[in-house]
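Engineer: Sending over structure-v3.cif (mmCIF, C-alpha atoms).
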```
data_query
loop_
_atom_site.label_atom_id
_atom_site.label_comp_id
_atom_site.auth_asym_id
_atom_site.auth_seq_id
_atom_site.Cartn_x
_atom_site.Cartn_y
_atom_site.Cartn_z
CA MET A 1 77.81 67.98 146.56
CA ASP A 2 80.11 68.51 149.54
CA ASN A 3 80.35 71.91 151.21
CA PRO A 4 83.68 73.59 150.30
CA CYS A 5 83.77 75.19 153.75
CA LYS A 6 84.24 71.79 155.34
CA ILE A 7 87.03 69.24 155.20
CA LYS A 8 86.27 65.56 155.17
CA LEU A 9 88.26 63.49 157.60
CA MET A 10 88.43 59.75 157.95
CA ASN A 11 87.56 58.46 161.46
CA GLN A 12 86.99 55.05 162.94
CA GLY A 13 83.25 55.37 162.63
CA GLY A 14 83.35 56.83 159.07
CA TRP A 15 83.37 60.34 157.61
CA LYS A 16 82.79 63.54 159.60
CA THR A 17 83.06 67.26 158.71
CA MET A 18 85.21 70.02 160.27
CA ALA A 19 84.62 73.79 160.06
CA SER A 20 86.96 75.89 157.84
CA ALA A 21 89.98 77.54 159.51
CA ILE A 22 89.41 80.87 157.59
CA THR A 23 87.48 83.37 159.72
CA TYR A 24 86.06 86.82 159.01
CA GLU A 25 88.58 88.44 161.33
CA MET A 26 91.46 86.99 159.30
CA VAL A 27 90.00 88.25 156.02
CA GLU A 28 89.17 91.67 157.56
CA LYS A 29 92.72 92.06 158.88
CA ALA A 30 94.19 91.14 155.48
CA CYS A 31 91.88 93.64 153.70
CA ASN A 32 92.80 96.44 156.13
CA ASP A 33 96.51 95.70 155.72
CA LEU A 34 96.23 95.86 151.92
CA GLN A 35 94.23 99.08 152.06
CA ALA A 36 96.68 100.64 154.51
CA ALA A 37 99.52 99.68 152.16
CA GLY A 38 97.71 101.47 149.31
CA GLU A 39 97.07 98.30 147.32
CA LYS A 40 93.86 97.18 145.69
CA VAL A 41 91.90 94.56 147.63
CA THR A 42 91.41 91.45 145.42
CA TYR A 43 90.76 87.79 146.03
CA LEU A 44 94.17 86.72 144.71
CA LYS A 45 96.03 89.11 147.02
CA ILE A 46 93.90 88.01 150.03
CA HIS A 47 94.51 84.35 149.21
CA GLU A 48 98.22 85.01 148.78
CA HIS A 49 98.28 86.91 152.10
CA LEU A 50 96.44 84.14 153.99
CA GLY A 51 98.01 81.20 152.19
CA GLN A 52 94.79 79.12 152.40
CA GLY A 53 91.01 79.28 152.09
CA SER A 54 88.42 78.42 149.51
CA THR A 55 87.09 80.86 146.97
CA ARG A 56 83.56 80.85 148.31
CA ILE A 57 84.47 81.59 151.94
CA VAL A 58 87.07 84.24 151.15
CA THR A 59 84.72 85.95 148.67
CA ALA A 60 81.88 85.98 151.24
CA HIS A 61 84.12 87.52 153.92
CA MET A 62 85.40 90.12 151.40
CA ARG A 63 81.82 91.06 150.50
CA ARG A 64 80.96 91.45 154.22
CA TRP A 65 84.07 93.61 154.75
CA ARG A 66 83.14 95.90 151.81
CA GLU A 67 79.59 96.35 153.14
CA ALA A 68 80.90 97.27 156.61
CA HIS A 69 83.42 99.65 155.05
CA MET A 70 80.72 101.39 152.99
CA THR A 71 78.44 101.69 156.07
CA ALA A 72 81.23 103.28 158.11
CA ALA A 73 82.02 105.69 155.26
CA ARG A 74 78.40 106.81 155.09
CA ALA A 75 78.44 107.35 158.88
CA GLY A 76 81.54 109.60 158.60
CA GLU A 77 83.88 107.24 160.36
CA ASP A 78 87.10 105.89 159.06
CA LEU A 79 87.56 102.24 159.67
CA LEU A 80 91.31 102.75 159.83
CA PHE A 81 90.83 104.92 162.94
CA GLN A 82 88.35 102.67 164.78
CA GLU A 83 91.01 100.88 166.73
CA TRP A 84 93.05 104.06 167.48
CA PRO A 85 92.88 105.83 170.88
CA GLU A 86 90.73 108.95 171.18
CA ALA A 87 93.70 111.33 171.61
CA LEU A 88 95.36 109.89 168.54
CA LYS A 89 92.13 110.25 166.59
CA LEU A 90 91.89 113.96 167.60
CA ARG A 91 95.52 114.52 166.67
CA ALA A 92 94.97 112.89 163.29
CA LYS A 93 91.83 114.98 162.66
CA SER A 94 93.71 118.19 163.52
CA LEU A 95 96.47 117.17 161.12
CA PHE A 96 93.92 116.47 158.41
CA ASP A 97 92.27 119.86 159.04
CA ALA A 98 95.64 121.64 158.85
CA LEU A 99 96.41 119.80 155.64
CA ARG A 100 93.00 120.80 154.28
CA GLU A 101 93.69 124.50 155.10
CA VAL A 102 97.16 124.32 153.53
CA SER A 103 95.63 122.70 150.47
CA ALA A 104 93.01 125.47 150.31
CA ASP A 105 95.69 128.20 150.56
CA ALA A 106 97.74 126.46 147.89
CA ALA A 107 94.67 126.18 145.69
CA THR A 108 93.93 129.92 146.18
CA ALA A 109 97.52 130.81 145.28
CA CYS A 110 97.30 128.57 142.24
CA ILE A 111 94.05 130.26 141.20
CA GLU A 112 95.62 133.72 141.52
CA THR A 113 98.66 132.60 139.57
CA ALA A 114 96.40 131.12 136.92
CA GLN A 115 94.43 134.37 136.72
CA ALA A 116 97.66 136.37 136.25
CA GLN A 117 98.73 133.92 133.57
CA MET A 118 95.33 134.25 131.93
CA ALA A 119 95.72 138.05 131.88
CA LEU A 120 99.12 137.70 130.28
CA LYS A 121 97.72 135.25 127.76
CA GLU A 122 94.88 137.68 126.97
CA ALA A 123 97.44 140.41 126.27
CA GLU A 124 99.39 138.00 124.13
CA LEU A 125 96.19 137.03 122.33
CA ARG A 126 95.42 140.70 121.62
CA THR A 127 98.91 141.11 120.21
CA CYS A 128 98.39 137.97 118.17
CA VAL A 129 95.07 139.35 116.89
CA VAL A 130 96.80 142.54 115.75
CA ASP A 131 99.54 140.48 114.13
CA ALA A 132 96.88 138.32 112.54
CA GLU A 133 95.21 141.41 111.07
CA VAL A 134 98.53 142.54 109.64
CA GLN A 135 99.17 139.07 108.28
CA ARG A 136 95.65 139.02 106.83
CA GLU A 137 96.36 142.25 104.95
CA GLN A 138 99.65 140.82 103.74
CA ALA A 139 97.88 137.63 102.75
CA LEU A 140 95.31 139.66 100.82
CA ASP A 141 98.08 141.50 99.00
CA GLN A 142 99.77 138.22 98.29
CA LEU A 143 96.46 136.80 97.11
CA ARG A 144 96.04 139.69 94.69
CA SER A 145 99.56 139.11 93.35
CA GLU A 146 98.80 135.41 93.12
CA GLN A 147 95.64 136.19 91.18
CA ALA A 148 97.69 138.31 88.77
CA ASN A 149 100.17 135.48 88.46
CA SER A 150 97.26 133.10 87.91
CA SER A 151 95.99 135.27 85.06
CA ARG A 152 99.46 135.34 83.54
CA LEU A 153 99.79 131.59 83.98
CA GLN A 154 96.36 131.14 82.42
CA ALA A 155 97.55 133.02 79.34
CA GLU A 156 100.71 130.95 79.27
CA LEU A 157 98.58 127.84 79.65
CA GLU A 158 96.55 128.85 76.62
CA SER A 159 99.73 129.32 74.62
CA VAL A 160 100.99 125.96 75.86
CA ARG A 161 97.71 124.35 74.79
CA GLU A 162 98.12 125.83 71.33
CA THR A 163 101.67 124.51 71.26
CA LEU A 164 100.36 121.12 72.34
CA ASP A 165 97.86 121.16 69.50
CA VAL A 166 100.69 121.84 67.07
CA GLN A 167 102.75 119.08 68.66
CA ARG A 168 99.79 116.68 68.44
CA ALA A 169 99.56 117.40 64.74
CA THR A 170 103.30 116.79 64.44
CA ILE A 171 102.94 113.55 66.40
CA ASP A 172 100.14 112.45 64.06
CA ASP A 173 102.45 113.09 61.11
CA LEU A 174 105.21 111.15 62.84
CA LEU A 175 102.83 108.28 63.52
CA GLY A 176 101.93 108.22 59.82
CA GLN A 177 105.61 108.16 58.94
CA ARG A 178 106.11 105.37 61.47
CA GLU A 179 103.35 103.32 59.85
CA ARG A 180 104.99 103.83 56.46
CA MET A 181 108.33 102.82 57.94
CA VAL A 182 106.73 99.71 59.45
CA ALA A 183 105.33 98.81 56.03
CA ASN A 184 108.77 99.35 54.47
CA GLU A 185 110.33 97.26 57.20
CA ARG A 186 107.84 94.46 56.52
CA ALA A 187 108.68 94.58 52.82
CA LEU A 188 112.40 94.53 53.61
CA LYS A 189 111.89 91.53 55.90
CA GLU A 190 110.09 89.67 53.10
CA HIS A 191 112.91 90.54 50.70
CA LEU A 192 115.46 89.41 53.29
CA GLU A 193 113.65 86.11 53.73
CA SER A 194 113.68 85.54 49.97
CA VAL A 195 117.39 86.39 49.85
CA GLN A 196 118.01 84.00 52.74
CA ARG A 197 116.17 81.23 50.90
CA GLU A 198 118.27 81.86 47.79
CA HIS A 199 121.40 81.91 49.94
CA GLU A 200 120.44 78.59 51.53
CA GLY A 201 119.96 77.12 48.02
CA HIS A 202 123.41 78.37 47.00
CA ILE A 203 124.87 76.92 50.19
CA ARG A 204 123.32 73.53 49.46
CA GLU A 205 124.70 73.62 45.90
CA LEU A 206 128.14 74.60 47.19
CA GLY A 207 127.96 71.81 49.76
CA GLU A 208 127.20 69.27 47.04
CA GLN A 209 130.02 70.61 44.88
CA THR A 210 132.36 70.51 47.88
CA ARG A 211 131.41 66.89 48.57
CA VAL A 212 132.09 65.89 44.95
CA GLU A 213 135.39 67.79 44.95
CA ARG A 214 136.36 66.17 48.25
CA GLU A 215 135.71 62.69 46.86
CA ARG A 216 137.77 63.54 43.77
CA LEU A 217 140.64 64.83 45.91
CA ILE A 218 140.49 61.70 48.07
CA ASP A 219 140.81 59.55 44.92
CA GLU A 220 143.75 61.64 43.72
CA VAL A 221 145.41 61.37 47.13
CA ARG A 222 144.94 57.60 47.10
CA LYS A 223 146.50 57.38 43.61
CA GLU A 224 149.32 59.67 44.68
CA GLN A 225 149.98 57.46 47.70
CA GLU A 226 150.14 54.37 45.47
CA ARG A 227 152.52 56.14 43.08
CA ALA A 228 154.63 57.33 46.02
CA ALA A 229 154.83 53.75 47.30
CA GLY A 230 156.15 52.59 43.88
CA GLU A 231 158.64 55.42 43.77
CA ARG A 232 159.74 54.56 47.31
CA GLU A 233 160.51 50.99 46.26
CA HIS A 234 162.39 52.25 43.19
CA LEU A 235 164.38 54.67 45.35
CA MET A 236 165.21 51.90 47.79
CA ARG A 237 166.57 49.75 44.95
CA GLN A 238 168.60 52.71 43.64
CA THR A 239 169.86 53.32 47.17
CA ASP A 240 171.08 49.72 47.40
CA ARG A 241 172.92 50.08 44.08
CA LEU A 242 174.43 53.37 45.20
CA ARG A 243 175.60 51.76 48.42
CA GLN A 244 177.33 48.99 46.46
CA ASP A 245 178.92 51.54 44.10
CA TYR A 246 180.00 53.59 47.09
CA ALA A 247 181.65 50.58 48.70
CA THR A 248 183.54 49.86 45.44
CA GLN A 249 184.63 53.48 45.13
CA VAL A 250 185.75 53.47 48.76
CA GLN A 251 187.99 50.48 48.06
CA GLU A 252 189.44 52.22 44.99
CA PHE A 253 189.96 55.43 46.95
CA ARG A 254 191.72 53.50 49.68
CA GLY A 255 194.17 52.03 47.11
CA LYS A 256 194.79 55.45 45.59
CA LEU A 257 195.21 56.91 49.07
CA LEU A 258 197.85 54.30 49.88
CA ALA A 259 199.74 55.16 46.68
CA ILE A 260 199.46 58.86 47.46
CA GLU A 261 200.78 58.28 50.97
CA THR A 262 203.77 56.39 49.55
CA LYS A 263 204.41 59.20 47.08
CA GLU A 264 204.05 61.72 49.87
CA ILE A 265 206.71 59.92 51.90
CA LYS A 266 209.12 60.14 48.96
CA THR A 267 208.23 63.79 48.48
CA ARG A 268 208.93 64.47 52.14
CA GLU A 269 212.37 62.89 51.80
CA GLN A 270 213.09 65.05 48.77
CA LEU A 271 211.81 68.09 50.59
CA ALA A 272 214.11 67.26 53.48
CA GLU A 273 217.06 67.23 51.06
CA ALA A 274 215.86 70.49 49.50
CA SER A 275 215.47 71.93 52.97
CA GLY A 276 219.14 71.09 53.68
CA LEU A 277 220.17 72.87 50.50
CA ASN A 278 217.91 75.76 51.39
CA ARG A 279 219.51 76.00 54.81
CA GLU A 280 222.95 76.15 53.17
CA ARG A 281 221.71 78.82 50.77
CA LEU A 282 220.12 80.68 53.63
CA ALA A 283 223.42 80.62 55.54
CA THR A 284 225.12 82.10 52.48
CA ILE A 285 222.38 84.69 52.17
CA ARG A 286 222.74 85.57 55.84
CA GLN A 287 226.49 86.05 55.29
CA PHE A 288 225.70 88.34 52.36
CA GLU A 289 223.18 90.19 54.51
CA THR A 290 225.80 90.57 57.25
CA ARG A 291 228.24 91.94 54.70
CA VAL A 292 225.55 94.28 53.37
CA ALA A 293 224.83 95.43 56.92
CA GLU A 294 228.51 96.11 57.47
CA LEU A 295 228.70 98.03 54.21
CA SER A 296 225.56 99.95 55.21
CA ALA A 297 227.18 100.80 58.51
CA SER A 298 230.27 101.96 56.65
CA VAL A 299 228.10 104.02 54.34
CA GLU A 300 226.31 105.54 57.30
CA LYS A 301 229.65 106.23 58.94
CA LEU A 302 230.94 107.85 55.77
CA GLN A 303 227.74 109.85 55.45
CA ALA A 304 228.17 110.98 59.03
CA GLU A 305 231.74 111.95 58.34
CA ALA A 306 230.61 113.75 55.18
CA GLY A 307 228.01 115.57 57.18
CA THR A 308 230.59 116.48 59.75
CA LEU A 309 232.88 117.73 57.03
CA ALA A 310 230.06 119.66 55.45
CA GLN A 311 229.11 121.21 58.76
CA THR A 312 232.60 122.18 59.72
CA ARG A 313 233.40 123.23 56.15
CA THR A 314 237.01 122.25 56.70
CA GLY A 315 239.07 120.01 54.54
CA ASP A 316 239.91 120.31 50.98
CA THR A 317 237.89 119.48 47.93
CA ALA A 318 240.22 116.69 46.76
CA ARG A 319 239.79 114.70 49.93
CA LEU A 320 236.05 115.22 49.78
CA TYR A 321 236.02 114.09 46.16
CA ALA A 322 238.08 111.01 47.07
CA LEU A 323 235.72 110.19 49.87
CA GLU A 324 232.77 110.62 47.55
CA MET A 325 234.39 108.36 44.97
CA GLN A 326 235.10 105.79 47.67
CA LEU A 327 231.48 106.07 48.77
CA VAL A 328 230.27 105.54 45.21
CA LEU A 329 232.52 102.51 44.83
CA GLN A 330 231.25 101.03 48.06
CA GLU A 331 227.67 101.63 46.97
CA LYS A 332 228.36 99.91 43.67
CA ALA A 333 229.97 97.00 45.52
CA LEU A 334 226.93 96.87 47.78
CA SER A 335 224.62 96.81 44.78
CA ARG A 336 226.69 94.05 43.17
CA GLU A 337 226.61 91.98 46.33
CA THR A 338 222.84 92.53 46.54
CA GLU A 339 222.35 91.44 42.92
CA ARG A 340 224.56 88.44 43.52
CA ALA A 341 222.50 87.46 46.57
CA ASN A 342 219.25 87.87 44.60
CA ARG A 343 220.60 85.75 41.75
CA ALA A 344 221.74 83.08 44.21
CA GLU A 345 218.30 83.04 45.83
CA GLU A 346 216.58 82.82 42.43
CA ARG A 347 218.94 80.00 41.41
CA LEU A 348 218.14 78.17 44.64
CA GLN A 349 214.41 78.50 44.01
CA GLN A 350 214.79 77.27 40.42
CA VAL A 351 216.82 74.26 41.54
CA THR A 352 214.25 73.45 44.21
CA LEU A 353 211.38 73.70 41.71
CA GLN A 354 213.22 71.54 39.19
CA ARG A 355 213.80 68.84 41.77
CA ILE A 356 210.16 68.90 42.83
CA GLN A 357 209.00 68.74 39.19
CA ALA A 358 211.42 65.90 38.52
CA GLN A 359 210.05 63.99 41.51
CA ASP A 360 206.46 64.62 40.37
CA SER A 361 207.25 63.44 36.82
CA THR A 362 208.95 60.25 38.08
CA PRO A 363 206.51 57.29 37.56
CA ASP A 364 205.29 55.46 40.67
CA VAL A 365 206.97 52.16 41.41
#
```
In C-alpha cells, write the structure found in this file.

Structural biologist:
Amino acid sequence: MDNPCKIKLMNQGGWKTMASAITYEMVEKACNDLQAAGEKVTYLKIHEHLGQGSTRIVTAHMRRWREAHMTAARAGEDLLFQEWPEALKLRAKSLFDALREVSADAATACIETAQAQMALKEAELRTCVVDAEVQREQALDQLRSEQANSSRLQAELESVRETLDVQRATIDDLLGQRERMVANERALKEHLESVQREHEGHIRELGEQTRVERERLIDEVRKEQERAAGEREHLMRQTDRLRQDYATQVQEFRGKLLAIETKEIKTREQLAEASGLNRERLATIRQFETRVAELSASVEKLQAEAGTLAQTRTGDTARLYALEMQLVLQEKALSRETERANRAEERLQQVTLQRIQAQDSTPDV
C-alpha cells in the first residue's frame, strides 16, 4: 500500500515519491490561530484552513501540537505568549493580575450581597413560618368543619342509599311490567300478522272479482261500440234524407219569398198612396192646431185681461159678464174644433186601415 504522505509522479525512468507539502509548522500555526480566535481545534477546520493535506499527516501534527500545548500548560507557560517580547509578557501578566484582583473584589462584593439577601430571605422565611402556623390552624378548623360536613354527608348518603333501594324495587316492578308489555306486544304482533294474512286473502279475492268485472265491462264496451257504429250509420242515412228535405224546403221557401217580395212591393205602393193622404190629413191637422193655438193665445189674452180687470176692480159687471160669455163661447168653439180634429184623425186612421185590409184580402196574381 502506498504511503499517503507521498505523491507518486511519473518520470522518464519510472515512478518516484515526493515528500508531503504539509509541515508541522503549518499545522501548529493553524491550531494557534483557531485557538486565538476562540474556536475549537478540529481536523475539518484545520483542513479547511490549510486547503490541503491528508488525514493521517494532519492528525499526527495535531496530536503533536496538543502534547506540546499540554506540556507547556503543566510548566506554567502560555504558548500564546511564547513568541511575545519580554516587556509585553510582563505587561500582560500585570493586566491579568489586576483582572484577578478586580474579579476577587467583585466576588467578595457578590458574597456580601448574597449574605444580605440570605438574611432577608431568612426573615421572610420566619414570616412565612408564622403565616404557615396561622394557616395550619385555619386548615385544622376547616378540617374540623369538613369532618362535620362529612358526617352530615354520610347521613345523607345513608338516606340516599335507602332511597336507591326503594327505587331499585320500583325499577324491578317496572321491569316486570315491561316484560308483561313485551308479551302483550308479541301477542298483538301475532294477531296483526293473522289480520294481515286475512287482509291479503281479501285483497286477492277482490283482485279476482275486479278482473272478472273488468272483462265484463270490456265486453259491454265492445257491444256498445258496435251498437254505436250501427246508430252512426242510421244517423248518417237520416242526415242525408234531412239534407234532401232541407233542399226541397229551401226551394219552396224561395218561391214563397219571391211572392212575398212581390206583395211587399204592392204594399209599399199602397203605403205611399196612404202616406200622401196622411200628409194631406196632417196638413189639415196642423191648420187646426194652428187655429187652436191662436184660440189658446186669445184665451190667455182674455184671461190676462180678466186678471187685469179683477186686479184693478174697475169696469162694470155687464162688460165682465159679456167678456166671460165670449170666453165661454170661444172655449166651446175650441172644444168643437178639437173634437172635429180628433174625428178627422180617427177617420183618416180608419180609411188607412181599410185600405191596408183591402190590399191584404186581395188575392195574389

Engineer: Using all atoms listed in the file, which protein or nucleic acid residues come within 12 Å of Leu50 (chain A)? Drop anything in the same chain fewer than 3 positions from it, and give the result as a PyMOL selection string.

Structural biologist: chain A and resi 21-31+33-34+43-47+53-54+58

Engineer: Quick one: everything within 9 Å of region 328-331 of chain A, counting all atoms listed in the file, minus sequence neighbours fewer than 5 positions away in the same chain. Send it as JSON, numbers by chain.

Structural biologist: {"A": [295, 296, 298, 299, 323, 336]}

Engineer: Report, in Å to a single decimal, how far apart CA of Ile356 (chain A) and CA of Glu264 (chain A) are.

Structural biologist: 11.8 Å

Engineer: CA of Lys223 (chain A) to CA of Glu208 (chain A): how many Å, to one decimal?

Structural biologist: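 It comes out at 22.9 Å.
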
Engineer: One number please: CA of Leu282 (chain A) to CA of Arg340 (chain A), in Å, one decimal.

Structural biologist: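 We find that CA of Leu282 (chain A) and CA of Arg340 (chain A) lie 13.5 Å from each other.
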
Engineer: Which is closest to Lys332 (chain A) among A:Ile218, A:Gln354, A:Val292, A:Ser159, if we use only C-alpha atoms?

Structural biologist: A:Val292

Engineer: Would you list the contacts of Ala297 (chain A) as a ChimeraX atom specification, taking every protein, DNA or RNA residue within 12 Å and counting all atoms listed in the file, but skipping same-chain residues closer than 4 positions in sequence?

Structural biologist: /A:290-293,301-304,327,330-331,334

Engineer: Can you pull out every residue within 9 Å of Asn342 (chain A), counting all atoms listed in the file, but drop anything in the same chain fewer than 5 positions away, and send it as a PyMOL selection string?

Structural biologist: chain A and resi 285+337+347

Engineer: Selection from above, C-alpha atoms, as a tab-separated table (two decimals), keeping the file's coordinate frame, can you write it?

Structural biologist:
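Output file again_13.tsv is given in full below:
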```tsv
chain	number	residue	atom	x	y	z
A	285	ILE	CA	222.38	84.69	52.17
A	337	GLU	CA	226.61	91.98	46.33
A	347	ARG	CA	218.94	80.00	41.41
```
